[in-house]
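File shown here: work-v7.txt, holding compact mmCIF, C-alpha atoms.
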```txt
# COMPACT_ATOMS: atom_id res chain seq x y z
CA MET Z 1 113.20 -217.55 -44.66
CA LYS Z 2 116.94 -217.56 -44.42
CA GLY Z 3 118.98 -215.29 -46.58
CA SER Z 4 122.47 -216.45 -47.57
CA ALA Z 5 123.20 -217.06 -51.25
CA ALA Z 6 124.00 -220.72 -50.54
CA GLU Z 7 120.66 -221.24 -48.78
CA LEU Z 8 118.77 -219.52 -51.59
CA GLY Z 9 120.28 -221.77 -54.27
CA GLY Z 10 121.26 -221.09 -57.85
CA LEU Z 11 119.73 -218.61 -60.29
CA ARG Z 12 119.59 -219.48 -63.98
CA VAL Z 13 118.83 -217.25 -66.96
CA TYR Z 14 115.27 -217.75 -68.17
CA PRO Z 15 114.29 -216.13 -71.48
CA THR Z 16 110.64 -215.09 -71.86
CA ALA Z 17 108.50 -214.89 -74.96
CA ASP Z 18 108.50 -211.09 -75.24
CA GLY Z 19 112.29 -211.13 -75.41
CA SER Z 20 112.85 -209.82 -71.90
CA PHE Z 21 115.33 -211.42 -69.54
CA SER Z 22 114.31 -213.28 -66.37
CA LEU Z 23 115.69 -215.84 -63.92
CA HIS Z 24 114.73 -219.23 -62.55
CA SER Z 25 115.29 -219.94 -58.85
CA ASP Z 26 116.55 -223.43 -57.99
CA HIS Z 27 115.62 -222.90 -54.32
CA PHE Z 28 111.98 -222.06 -55.01
CA GLY Z 29 111.72 -224.23 -58.13
CA GLU Z 30 110.09 -221.43 -60.10
CA ALA Z 31 110.85 -218.70 -62.57
CA PHE Z 32 110.50 -215.09 -61.50
CA HIS Z 33 108.10 -214.34 -64.36
CA ASN Z 34 105.43 -215.80 -66.59
CA SER Z 35 106.87 -217.37 -69.73
CA ALA Z 36 104.80 -214.93 -71.83
CA GLY Z 37 107.14 -212.12 -70.85
CA ALA Z 38 108.66 -210.43 -67.83
CA LEU Z 39 108.11 -206.93 -69.21
CA ASN Z 40 104.59 -207.69 -70.44
CA GLU Z 41 103.67 -209.06 -67.03
CA ALA Z 42 105.00 -206.00 -65.20
CA ARG Z 43 103.11 -203.62 -67.46
CA ALA Z 44 99.83 -205.55 -67.55
CA LYS Z 45 99.55 -206.58 -63.91
CA PHE Z 46 101.28 -203.78 -62.05
CA VAL Z 47 101.33 -200.66 -64.25
CA GLN Z 48 98.04 -200.67 -66.15
CA PRO Z 49 95.69 -201.33 -63.19
CA ALA Z 50 97.61 -198.82 -61.07
CA GLU Z 51 96.15 -196.00 -63.23
CA LEU Z 52 99.16 -193.79 -62.62
CA GLN Z 53 97.46 -190.81 -64.24
CA ARG Z 54 95.55 -190.51 -60.95
CA PHE Z 55 98.71 -189.04 -59.44
CA SER Z 56 99.22 -185.56 -60.82
CA SER Z 57 102.10 -183.13 -60.53
CA GLY Z 58 102.84 -182.24 -56.94
CA SER Z 59 100.67 -184.97 -55.45
CA GLY Z 60 102.16 -187.79 -53.40
CA LEU Z 61 102.60 -191.38 -54.53
CA ARG Z 62 103.72 -193.99 -52.03
CA ILE Z 63 104.73 -197.38 -53.43
CA LEU Z 64 105.64 -200.63 -51.67
CA ASP Z 65 107.32 -203.31 -53.80
CA VAL Z 66 107.10 -206.63 -51.95
CA CYS Z 67 109.78 -208.86 -53.49
CA LEU Z 68 111.72 -206.46 -55.68
CA GLY Z 69 113.38 -209.36 -57.51
CA LEU Z 70 114.94 -208.21 -60.77
CA GLY Z 71 113.31 -204.79 -60.44
CA TYR Z 72 110.86 -205.02 -63.35
CA ASN Z 73 107.74 -203.93 -61.48
CA THR Z 74 109.27 -200.90 -59.82
CA ALA Z 75 111.09 -199.88 -63.00
CA ALA Z 76 107.95 -200.25 -65.14
CA VAL Z 77 105.91 -198.15 -62.71
CA LEU Z 78 108.56 -195.42 -62.47
CA GLU Z 79 108.95 -195.42 -66.26
CA ALA Z 80 105.20 -194.98 -66.76
CA LEU Z 81 104.77 -191.99 -64.43
CA PRO Z 82 103.48 -188.80 -66.07
CA THR Z 83 106.24 -186.42 -67.18
CA ALA Z 84 105.26 -183.86 -64.56
CA GLY Z 85 104.72 -186.62 -62.08
CA PRO Z 86 103.95 -186.94 -58.39
CA VAL Z 87 106.35 -186.80 -55.47
CA VAL Z 88 107.36 -190.46 -55.11
CA GLN Z 89 108.13 -192.25 -51.87
CA TRP Z 90 109.15 -195.84 -52.61
CA TRP Z 91 109.93 -198.74 -50.30
CA GLY Z 92 111.22 -202.14 -51.38
CA LEU Z 93 111.34 -205.48 -49.57
CA GLU Z 94 113.60 -208.26 -50.84
CA LEU Z 95 115.48 -211.20 -49.35
CA ASP Z 96 118.01 -211.83 -52.13
CA ARG Z 97 120.27 -209.13 -53.61
CA ARG Z 98 121.42 -211.30 -56.51
CA PRO Z 99 118.45 -211.01 -58.94
CA LEU Z 100 118.77 -207.24 -59.22
CA GLU Z 101 122.54 -207.51 -59.43
CA GLN Z 102 122.28 -210.06 -62.25
CA ALA Z 103 119.62 -208.07 -64.09
CA LEU Z 104 121.75 -204.93 -64.06
CA LYS Z 105 124.60 -206.87 -65.69
CA GLN Z 106 122.39 -207.62 -68.71
CA ALA Z 107 122.59 -205.09 -71.52
CA SER Z 108 119.15 -206.18 -72.74
CA PHE Z 109 117.67 -205.34 -69.33
CA GLN Z 110 119.46 -202.01 -69.10
CA SER Z 111 118.18 -201.01 -72.55
CA LEU Z 112 114.56 -201.22 -71.37
CA TRP Z 113 114.78 -198.23 -69.04
CA SER Z 114 115.45 -194.52 -69.30
CA PRO Z 115 118.65 -193.22 -67.63
CA PRO Z 116 116.81 -191.83 -64.55
CA VAL Z 117 115.01 -195.13 -63.88
CA LEU Z 118 118.15 -197.17 -64.47
CA ALA Z 119 120.03 -194.88 -62.08
CA ARG Z 120 117.47 -195.60 -59.36
CA LEU Z 121 117.82 -199.36 -59.83
CA GLU Z 122 121.59 -198.99 -59.59
CA ALA Z 123 121.20 -196.86 -56.45
CA ILE Z 124 119.07 -199.60 -54.87
CA ARG Z 125 121.81 -202.11 -55.65
CA ASP Z 126 124.69 -199.92 -54.50
CA HIS Z 127 123.25 -197.74 -51.74
CA GLY Z 128 119.95 -199.29 -50.65
CA GLY Z 129 117.89 -196.57 -52.29
CA TRP Z 130 117.99 -193.06 -53.71
CA ASP Z 131 117.28 -189.50 -52.61
CA GLU Z 132 116.23 -186.88 -55.16
CA PRO Z 133 114.27 -183.62 -54.87
CA ASN Z 134 110.91 -185.21 -55.78
CA SER Z 135 111.65 -188.91 -55.34
CA ARG Z 136 113.03 -191.04 -52.55
CA GLY Z 137 113.54 -194.78 -52.36
CA ILE Z 138 114.40 -197.02 -49.41
CA GLN Z 139 115.27 -200.69 -49.90
CA LEU Z 140 115.07 -203.07 -46.93
CA TRP Z 141 117.04 -206.30 -47.44
CA GLY Z 142 115.93 -209.40 -45.55
CA ASP Z 143 112.83 -211.41 -44.66
CA ALA Z 144 109.88 -209.23 -45.70
CA ARG Z 145 107.87 -210.13 -42.60
CA PRO Z 146 110.02 -208.30 -40.02
CA MET Z 147 111.18 -205.78 -42.62
CA LEU Z 148 107.60 -204.58 -43.17
CA ARG Z 149 107.49 -203.65 -39.49
CA GLU Z 150 110.57 -201.46 -40.03
CA ILE Z 151 108.52 -199.08 -42.19
CA PRO Z 152 107.04 -196.31 -39.99
CA LYS Z 153 103.46 -197.12 -39.03
CA HIS Z 154 102.13 -193.82 -40.34
CA VAL Z 155 103.21 -194.70 -43.91
CA HIS Z 156 100.26 -195.93 -45.97
CA PHE Z 157 100.69 -196.94 -49.59
CA ASP Z 158 98.86 -195.96 -52.75
CA LEU Z 159 100.29 -199.00 -54.52
CA ILE Z 160 101.44 -202.33 -53.11
CA LEU Z 161 103.11 -204.55 -55.71
CA LEU Z 162 103.04 -208.11 -54.34
CA ASP Z 163 105.20 -210.42 -56.45
CA ALA Z 164 106.54 -213.18 -54.20
CA PHE Z 165 107.05 -216.70 -55.47
CA SER Z 166 103.81 -218.69 -55.57
CA PRO Z 167 101.96 -219.51 -52.32
CA GLN Z 168 102.90 -223.18 -52.43
CA ARG Z 169 106.59 -222.27 -52.83
CA CYS Z 170 106.78 -219.25 -50.53
CA PRO Z 171 103.76 -219.40 -48.17
CA GLU Z 172 105.48 -217.10 -45.66
CA LEU Z 173 104.56 -214.08 -47.80
CA TRP Z 174 100.99 -215.19 -48.51
CA SER Z 175 99.87 -215.91 -44.96
CA GLU Z 176 96.67 -214.41 -43.60
CA GLU Z 177 98.75 -212.43 -41.12
CA PHE Z 178 101.17 -210.95 -43.65
CA LEU Z 179 98.39 -210.14 -46.13
CA GLY Z 180 96.42 -208.54 -43.32
CA ALA Z 181 99.42 -206.40 -42.43
CA LEU Z 182 99.69 -205.29 -46.06
CA ALA Z 183 95.97 -204.53 -46.19
CA HIS Z 184 96.28 -202.29 -43.15
CA ARG Z 185 99.08 -200.37 -44.92
CA LEU Z 186 96.87 -199.39 -47.88
CA ALA Z 187 95.88 -195.75 -48.25
CA PRO Z 188 92.11 -195.05 -48.53
CA GLN Z 189 92.30 -195.18 -52.36
CA GLY Z 190 95.19 -197.63 -52.43
CA ARG Z 191 95.49 -200.72 -54.62
CA LEU Z 192 97.23 -204.00 -53.91
CA LEU Z 193 98.24 -205.75 -57.13
CA THR Z 194 99.42 -209.33 -57.53
CA TYR Z 195 99.64 -211.97 -60.22
CA SER Z 196 98.20 -214.53 -57.76
CA ARG Z 197 94.67 -215.89 -58.24
CA SER Z 198 94.94 -218.18 -55.20
CA ALA Z 199 91.69 -218.69 -53.30
CA ALA Z 200 93.63 -218.63 -50.02
CA VAL Z 201 95.17 -215.28 -50.91
CA ARG Z 202 91.91 -213.77 -52.07
CA THR Z 203 89.99 -215.00 -49.05
CA SER Z 204 92.61 -213.57 -46.69
CA LEU Z 205 92.46 -210.21 -48.46
CA LYS Z 206 88.66 -210.26 -48.31
CA ARG Z 207 88.74 -211.02 -44.58
CA ALA Z 208 91.11 -208.09 -44.17
CA GLY Z 209 88.32 -205.84 -45.45
CA LEU Z 210 89.37 -205.43 -49.07
CA SER Z 211 87.28 -205.58 -52.23
CA LEU Z 212 88.47 -208.01 -54.90
CA TYR Z 213 88.88 -207.65 -58.66
CA SER Z 214 90.29 -210.00 -61.28
CA LEU Z 215 93.25 -208.88 -63.40
CA LEU Z 216 93.17 -209.39 -67.16
CA PRO Z 217 95.85 -211.54 -68.83
CA ALA Z 218 99.06 -209.97 -70.06
CA PRO Z 219 99.73 -209.91 -73.82
CA GLY Z 220 100.83 -213.38 -74.90
CA GLU Z 221 99.66 -215.00 -71.66
CA ARG Z 222 97.43 -218.04 -71.99
CA VAL Z 223 93.88 -216.97 -71.18
CA GLY Z 224 92.53 -218.93 -68.22
CA TRP Z 225 89.78 -218.55 -65.66
CA SER Z 226 91.75 -215.85 -63.86
CA SER Z 227 95.03 -213.98 -64.26
CA GLY Z 228 95.67 -212.17 -60.99
CA THR Z 229 94.11 -210.01 -58.30
CA MET Z 230 93.57 -206.36 -57.47
CA ALA Z 231 92.38 -205.54 -53.95
CA THR Z 232 91.25 -202.16 -52.64
CA PRO Z 233 89.76 -200.82 -49.41
CA ALA Z 234 86.02 -201.51 -49.38
CA ASP Z 235 85.07 -197.82 -49.65
CA ALA Z 236 87.63 -196.92 -52.33
CA ALA Z 237 86.28 -195.22 -55.44
CA CYS Z 238 86.99 -198.01 -57.91
CA PRO Z 239 84.67 -199.04 -60.79
CA PRO Z 240 83.93 -202.75 -61.27
CA ASP Z 241 85.63 -202.71 -64.69
CA GLY Z 242 88.75 -200.74 -65.53
CA PRO Z 243 92.01 -200.77 -67.47
CA GLY Z 244 93.44 -204.18 -66.69
CA TRP Z 245 90.73 -205.53 -64.38
CA ARG Z 246 87.17 -206.86 -64.24
CA PRO Z 247 84.81 -208.18 -61.53
CA LEU Z 248 85.38 -211.68 -60.20
CA SER Z 249 83.31 -214.22 -62.13
CA ALA Z 250 80.85 -216.64 -60.55
CA MET Z 251 83.49 -219.35 -60.97
CA GLU Z 252 86.04 -217.27 -59.09
CA TRP Z 253 83.64 -216.51 -56.23
CA GLU Z 254 82.80 -220.21 -55.90
CA HIS Z 255 86.53 -220.96 -55.78
CA LEU Z 256 86.55 -219.06 -52.47
CA GLN Z 257 84.20 -221.68 -50.98
CA THR Z 258 86.52 -224.63 -51.68
CA ARG Z 259 89.35 -226.18 -49.70
CA ALA Z 260 91.75 -224.03 -51.72
CA ALA Z 261 90.48 -221.05 -49.72
CA VAL Z 262 91.88 -222.34 -46.42
CA PRO Z 263 94.47 -219.68 -45.57
CA PHE Z 264 98.16 -220.01 -45.00
CA ARG Z 265 98.71 -219.23 -41.31
CA ASP Z 266 101.79 -217.75 -39.65
CA PRO Z 267 100.62 -216.24 -36.33
CA GLN Z 268 104.06 -215.31 -35.04
CA GLY Z 269 105.41 -214.17 -38.40
CA ASN Z 270 108.45 -216.46 -38.26
CA ALA Z 271 107.29 -219.94 -39.30
CA THR Z 272 109.07 -221.93 -42.00
CA ALA Z 273 107.41 -222.79 -45.29
CA GLU Z 274 107.26 -226.45 -44.27
CA VAL Z 275 105.41 -225.70 -41.03
CA ILE Z 276 102.93 -223.35 -42.73
CA LEU Z 277 102.16 -225.85 -45.48
CA GLU Z 278 101.72 -228.78 -43.08
CA CYS Z 279 99.39 -226.81 -40.81
CA ARG Z 280 97.31 -225.82 -43.81
CA ARG Z 281 97.15 -229.40 -45.08
CA LEU Z 282 95.80 -230.57 -41.72
CA GLU Z 283 93.26 -227.75 -41.62
CA GLN Z 284 92.08 -228.58 -45.14
CA GLU Z 285 91.44 -232.18 -44.13
CA HIS Z 286 88.92 -231.07 -41.52
CA CYS Z 287 87.48 -227.85 -42.97
CA GLY Z 288 84.31 -229.33 -44.51
CA TYR Z 289 84.64 -227.21 -47.67
CA GLU Z 290 84.04 -228.51 -51.18
CA ALA Z 291 87.04 -230.29 -52.68
CA THR Z 292 88.74 -228.01 -55.17
CA ASN Z 293 88.93 -230.71 -57.85
CA ALA Z 294 85.13 -231.12 -57.57
CA TRP Z 295 84.77 -227.38 -58.22
CA GLN Z 296 87.01 -227.72 -61.27
CA ARG Z 297 85.05 -230.70 -62.64
CA ARG Z 298 81.73 -228.92 -62.15
CA TRP Z 299 82.84 -225.84 -64.05
CA ARG Z 300 84.39 -227.92 -66.84
CA ARG Z 301 81.12 -229.85 -67.15
CA ASP Z 302 78.95 -226.73 -67.19
CA SER Z 303 81.13 -224.67 -69.55
CA PRO Z 304 80.14 -224.62 -73.24
CA SER Z 305 82.20 -226.96 -75.43
```
What is this structure when it is put down as structure tokens?
Amino acid sequence: MKGSAAELGGLRVYPTADGSFSLHSDHFGEAFHNSAGALNEARAKFVQPAELQRFSSGSGLRILDVCLGLGYNTAAVLEALPTAGPVVQWWGLELDRRPLEQALKQASFQSLWSPPVLARLEAIRDHGGWDEPNSRGIQLWGDARPMLREIPKHVHFDLILLDAFSPQRCPELWSEEFLGALAHRLAPQGRLLTYSRSAAVRTSLKRAGLSLYSLLPAPGERVGWSSGTMATPADAACPPDGPGWRPLSAMEWEHLQTRAAVPFRDPQGNATAEVILECRRLEQEHCGYEATNAWQRRWRRDSPS
């Protein structure tokens, strides 16, 4: 994952259905957000299932934002904190400075946030973080794989917001090794939240010892068989149903027995996307699992018309 602006390609404005501003990356061939709405997605998939009311005045809240991007997820979480909120320690990982810079130039984006939250986003852009009496933020620019190792080992997170480009476009940040490293950084009651419903991602998180839940769709999002993933330590006190999540369905569990569940592998933490994808393709050819399209056909056949 190289980091110059030229290597990362162009960024184009991408309007979303809820009226919020987003971008499309030419390098990754994807938009940063679901077409239903950047703000809706941040609130539904990262704020609501976080249950921020768990963190009362004076308590600690440690947040890791993996792929800060335009800043929506962090801003939405900070905006939703209780008035007499917890003491926040925030860390951000991001390769490309430009999305946040471009977002902060948009009046429509600026209007979404209160002055304190907007000031923190600007401090990330200008100073690599912020330092306030009850809130501190540290942004690490660069490849998230080595940057994660820069965070002191004793720091464990109550919330990990994982919002990289999709596994087929950015497999480096969905490898079994990187997901395992994130899992080991979760606090005992921590929650890892991601829009991804990938069987490879879920299987890697499960092998890392986490319990899996399925996120509910954001407002305006097309309802499908799954809309994202919440993962928690196996002994965390988390009900099967909650605000923004539900148990995995039988269809989702069976998805984890198909070829789609073969993980992305990056043992040394420095492989290119092309190498990771080719190694996975070869492993899928010889894994002996059910073909994923057969799983899809079976569930289409068995579902009521």
Closest-contact table, segment 203-228 of chain Z side, partner segment 264-287 of chain Z, 12 Å, counting all atoms listed in the file, as a tab-separated table:
```
residue	atom	partner	partner_atom	distance
Z:Thr203	CA	Z:Phe264	CA	10.4
Z:Ser204	CA	Z:Phe264	CA	8.7
Z:Leu205	CA	Z:Phe264	CA	11.9
```
Quiz item: Which neighbours of Leu193 of chain Z fall inside 7 Å, counting all atoms listed in the file, when residues of the same chain fewer than 4 positions from it are skipped, and could you give them as a list in words?
Solution: Lys45, Phe46, Ile160, Leu161, Leu162, Thr229, Met230 and Ala231 of chain Z
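Relative to atom CA of Ala38 of chain Z, atom CA of Phe55 of chain Z is found at 25.0 Å.
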Self-check item: One-decimal distance in Å that lies between atom CA of Ser227 of chain Z and atom CA of Ala36 of chain Z
Solution: 12.4 Å
Exercise. Dump as a list in words all residues having an atom at most 6 Å from (90.5, -219.2, -60.7), computed in the file's coordinates with all atoms listed in the file.
Key: Arg197, Trp225, Ser226 and Glu252 of chain Z
Generate a file of the selected residues that holds C-alpha atoms, formatted as a compact mmCIF listing (two decimals), in the frame of the given file.
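Wrote it out as part-v3.txt, contents follow:
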```txt
# COMPACT_ATOMS: atom_id res chain seq x y z
CA ARG Z 197 94.67 -215.89 -58.24
CA TRP Z 225 89.78 -218.55 -65.66
CA SER Z 226 91.75 -215.85 -63.86
CA GLU Z 252 86.04 -217.27 -59.09
```
Practice problem: Between atom CA of Val262 of chain Z and atom CA of Trp295 of chain Z, measure the distance and give it in Å to one decimal. | Solution: 14.7 Å
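The residue that comes closest to Leu78 of chain Z, out of Z:Pro116, Z:Gly58, Z:Gly190, Z:Pro240 and on the basis of all atoms listed in the file, is Z:Pro116.
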Quiz item: Between Z:Arg207, Z:Arg97, Z:Arg202, Z:Arg259, which is the closest to Gln296 of chain Z once you count all atoms listed in the file?
Solution: Z:Arg259
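Distances from Z:Gly242, Z:Gly209, Z:Ala181, Z:Gln189 to Arg149 of chain Z were compared using all atoms listed in the file, and the smallest one belongs to Z:Ala181.
Using all atoms listed in the file, the smallest distance between any of Z:Glu254, Z:Asp241, Z:Asp163, Z:Glu150 and Tyr72 of chain Z comes from Z:Asp163.
Closest to Gln257 of chain Z among Z:Thr232, Z:Ser196, Z:Gln102, Z:Thr292 is Z:Thr292, based on all atoms listed in the file.
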Self-check item: Distance query Asn40 of chain Z at most 7 Å, all atoms listed in the file, self and fewer than 4 positions along chain excluded, as a list in words
Solution: Ala44, Ala218 and Pro219 of chain Z
Segment 219-246 of chain Z dumped to file, N, CA, C and O atoms, as a PDB file, in the first residue's frame:
```pdb
ATOM      1  N   PRO Z 219     -30.954   3.425   7.117  1.00  0.00           N
ATOM      2  CA  PRO Z 219     -32.134   3.981   6.453  1.00  0.00           C
ATOM      3  C   PRO Z 219     -31.849   4.260   4.978  1.00  0.00           C
ATOM      4  O   PRO Z 219     -30.828   4.846   4.630  1.00  0.00           O
ATOM      5  N   GLY Z 220     -32.740   3.788   4.123  1.00  0.00           N
ATOM      6  CA  GLY Z 220     -32.584   3.997   2.688  1.00  0.00           C
ATOM      7  C   GLY Z 220     -31.739   2.952   1.996  1.00  0.00           C
ATOM      8  O   GLY Z 220     -31.697   2.899   0.767  1.00  0.00           O
ATOM      9  N   GLU Z 221     -31.049   2.100   2.764  1.00  0.00           N
ATOM     10  CA  GLU Z 221     -30.211   1.059   2.166  1.00  0.00           C
ATOM     11  C   GLU Z 221     -31.084  -0.099   1.693  1.00  0.00           C
ATOM     12  O   GLU Z 221     -32.050  -0.481   2.368  1.00  0.00           O
ATOM     13  N   ARG Z 222     -30.751  -0.658   0.552  1.00  0.00           N
ATOM     14  CA  ARG Z 222     -31.500  -1.812   0.064  1.00  0.00           C
ATOM     15  C   ARG Z 222     -31.327  -2.976   1.035  1.00  0.00           C
ATOM     16  O   ARG Z 222     -30.216  -3.328   1.422  1.00  0.00           O
ATOM     17  N   VAL Z 223     -32.445  -3.563   1.444  1.00  0.00           N
ATOM     18  CA  VAL Z 223     -32.394  -4.659   2.413  1.00  0.00           C
ATOM     19  C   VAL Z 223     -31.955  -5.928   1.699  1.00  0.00           C
ATOM     20  O   VAL Z 223     -32.576  -6.367   0.734  1.00  0.00           O
ATOM     21  N   GLY Z 224     -30.859  -6.510   2.160  1.00  0.00           N
ATOM     22  CA  GLY Z 224     -30.353  -7.753   1.595  1.00  0.00           C
ATOM     23  C   GLY Z 224     -30.222  -8.811   2.672  1.00  0.00           C
ATOM     24  O   GLY Z 224     -30.797  -8.699   3.756  1.00  0.00           O
ATOM     25  N   TRP Z 225     -29.439  -9.837   2.379  1.00  0.00           N
ATOM     26  CA  TRP Z 225     -29.316 -10.935   3.341  1.00  0.00           C
ATOM     27  C   TRP Z 225     -28.433 -10.562   4.522  1.00  0.00           C
ATOM     28  O   TRP Z 225     -28.465 -11.220   5.567  1.00  0.00           O
ATOM     29  N   SER Z 226     -27.654  -9.493   4.387  1.00  0.00           N
ATOM     30  CA  SER Z 226     -26.830  -9.024   5.488  1.00  0.00           C
ATOM     31  C   SER Z 226     -26.345  -7.619   5.173  1.00  0.00           C
ATOM     32  O   SER Z 226     -26.206  -7.251   4.005  1.00  0.00           O
ATOM     33  N   SER Z 227     -26.074  -6.834   6.228  1.00  0.00           N
ATOM     34  CA  SER Z 227     -25.711  -5.432   6.010  1.00  0.00           C
ATOM     35  C   SER Z 227     -24.453  -5.003   6.744  1.00  0.00           C
ATOM     36  O   SER Z 227     -24.138  -3.809   6.764  1.00  0.00           O
ATOM     37  N   GLY Z 228     -23.729  -5.933   7.333  1.00  0.00           N
ATOM     38  CA  GLY Z 228     -22.514  -5.571   8.052  1.00  0.00           C
ATOM     39  C   GLY Z 228     -22.313  -6.475   9.249  1.00  0.00           C
ATOM     40  O   GLY Z 228     -23.115  -7.380   9.508  1.00  0.00           O
ATOM     41  N   THR Z 229     -21.246  -6.228   9.993  1.00  0.00           N
ATOM     42  CA  THR Z 229     -20.832  -7.143  11.053  1.00  0.00           C
ATOM     43  C   THR Z 229     -20.438  -6.391  12.314  1.00  0.00           C
ATOM     44  O   THR Z 229     -19.746  -5.364  12.241  1.00  0.00           O
ATOM     45  N   MET Z 230     -20.878  -6.914  13.453  1.00  0.00           N
ATOM     46  CA  MET Z 230     -20.358  -6.518  14.748  1.00  0.00           C
ATOM     47  C   MET Z 230     -19.684  -7.738  15.356  1.00  0.00           C
ATOM     48  O   MET Z 230     -20.226  -8.846  15.288  1.00  0.00           O
ATOM     49  N   ALA Z 231     -18.496  -7.551  15.928  1.00  0.00           N
ATOM     50  CA  ALA Z 231     -17.761  -8.649  16.549  1.00  0.00           C
ATOM     51  C   ALA Z 231     -17.314  -8.215  17.936  1.00  0.00           C
ATOM     52  O   ALA Z 231     -16.849  -7.084  18.126  1.00  0.00           O
ATOM     53  N   THR Z 232     -17.469  -9.118  18.907  1.00  0.00           N
ATOM     54  CA  THR Z 232     -17.116  -8.820  20.289  1.00  0.00           C
ATOM     55  C   THR Z 232     -16.323  -9.985  20.870  1.00  0.00           C
ATOM     56  O   THR Z 232     -16.408 -11.112  20.376  1.00  0.00           O
ATOM     57  N   PRO Z 233     -15.536  -9.746  21.911  1.00  0.00           N
ATOM     58  CA  PRO Z 233     -14.911 -10.867  22.610  1.00  0.00           C
ATOM     59  C   PRO Z 233     -15.962 -11.882  23.044  1.00  0.00           C
ATOM     60  O   PRO Z 233     -17.101 -11.518  23.376  1.00  0.00           O
ATOM     61  N   ALA Z 234     -15.604 -13.155  23.031  1.00  0.00           N
ATOM     62  CA  ALA Z 234     -16.580 -14.225  23.256  1.00  0.00           C
ATOM     63  C   ALA Z 234     -17.304 -14.091  24.587  1.00  0.00           C
ATOM     64  O   ALA Z 234     -18.477 -14.465  24.700  1.00  0.00           O
ATOM     65  N   ASP Z 235     -16.636 -13.567  25.618  1.00  0.00           N
ATOM     66  CA  ASP Z 235     -17.268 -13.472  26.931  1.00  0.00           C
ATOM     67  C   ASP Z 235     -17.817 -12.080  27.230  1.00  0.00           C
ATOM     68  O   ASP Z 235     -18.157 -11.765  28.372  1.00  0.00           O
ATOM     69  N   ALA Z 236     -17.932 -11.241  26.212  1.00  0.00           N
ATOM     70  CA  ALA Z 236     -18.497  -9.906  26.412  1.00  0.00           C
ATOM     71  C   ALA Z 236     -19.987 -10.010  26.722  1.00  0.00           C
ATOM     72  O   ALA Z 236     -20.685 -10.898  26.217  1.00  0.00           O
ATOM     73  N   ALA Z 237     -20.483  -9.093  27.545  1.00  0.00           N
ATOM     74  CA  ALA Z 237     -21.898  -9.070  27.890  1.00  0.00           C
ATOM     75  C   ALA Z 237     -22.657  -8.354  26.780  1.00  0.00           C
ATOM     76  O   ALA Z 237     -22.843  -7.143  26.814  1.00  0.00           O
ATOM     77  N   CYS Z 238     -23.090  -9.119  25.794  1.00  0.00           N
ATOM     78  CA  CYS Z 238     -23.760  -8.540  24.630  1.00  0.00           C
ATOM     79  C   CYS Z 238     -24.973  -9.391  24.278  1.00  0.00           C
ATOM     80  O   CYS Z 238     -24.826 -10.592  23.994  1.00  0.00           O
ATOM     81  N   PRO Z 239     -26.189  -8.845  24.304  1.00  0.00           N
ATOM     82  CA  PRO Z 239     -27.375  -9.640  23.963  1.00  0.00           C
ATOM     83  C   PRO Z 239     -27.388 -10.009  22.491  1.00  0.00           C
ATOM     84  O   PRO Z 239     -26.774  -9.326  21.669  1.00  0.00           O
ATOM     85  N   PRO Z 240     -28.097 -11.079  22.121  1.00  0.00           N
ATOM     86  CA  PRO Z 240     -28.126 -11.485  20.709  1.00  0.00           C
ATOM     87  C   PRO Z 240     -28.772 -10.454  19.797  1.00  0.00           C
ATOM     88  O   PRO Z 240     -28.392 -10.326  18.638  1.00  0.00           O
ATOM     89  N   ASP Z 241     -29.760  -9.729  20.311  1.00  0.00           N
ATOM     90  CA  ASP Z 241     -30.400  -8.653  19.555  1.00  0.00           C
ATOM     91  C   ASP Z 241     -30.147  -7.337  20.285  1.00  0.00           C
ATOM     92  O   ASP Z 241     -30.134  -7.297  21.515  1.00  0.00           O
ATOM     93  N   GLY Z 242     -29.969  -6.269  19.530  1.00  0.00           N
ATOM     94  CA  GLY Z 242     -29.749  -4.975  20.150  1.00  0.00           C
ATOM     95  C   GLY Z 242     -30.010  -3.862  19.164  1.00  0.00           C
ATOM     96  O   GLY Z 242     -30.415  -4.109  18.016  1.00  0.00           O
ATOM     97  N   PRO Z 243     -29.778  -2.625  19.567  1.00  0.00           N
ATOM     98  CA  PRO Z 243     -30.003  -1.495  18.662  1.00  0.00           C
ATOM     99  C   PRO Z 243     -29.017  -1.504  17.502  1.00  0.00           C
ATOM    100  O   PRO Z 243     -27.850  -1.201  17.672  1.00  0.00           O
ATOM    101  N   GLY Z 244     -29.506  -1.935  16.345  1.00  0.00           N
ATOM    102  CA  GLY Z 244     -28.647  -1.955  15.169  1.00  0.00           C
ATOM    103  C   GLY Z 244     -28.068  -3.301  14.818  1.00  0.00           C
ATOM    104  O   GLY Z 244     -27.373  -3.421  13.810  1.00  0.00           O
ATOM    105  N   TRP Z 245     -28.336  -4.352  15.593  1.00  0.00           N
ATOM    106  CA  TRP Z 245     -27.804  -5.666  15.260  1.00  0.00           C
ATOM    107  C   TRP Z 245     -28.795  -6.784  15.602  1.00  0.00           C
ATOM    108  O   TRP Z 245     -29.752  -6.579  16.331  1.00  0.00           O
ATOM    109  N   ARG Z 246     -28.505  -7.952  15.040  1.00  0.00           N
ATOM    110  CA  ARG Z 246     -29.287  -9.166  15.269  1.00  0.00           C
ATOM    111  C   ARG Z 246     -28.340 -10.357  15.169  1.00  0.00           C
ATOM    112  O   ARG Z 246     -27.189 -10.205  14.726  1.00  0.00           O
TER     113      ARG Z 246
END
```
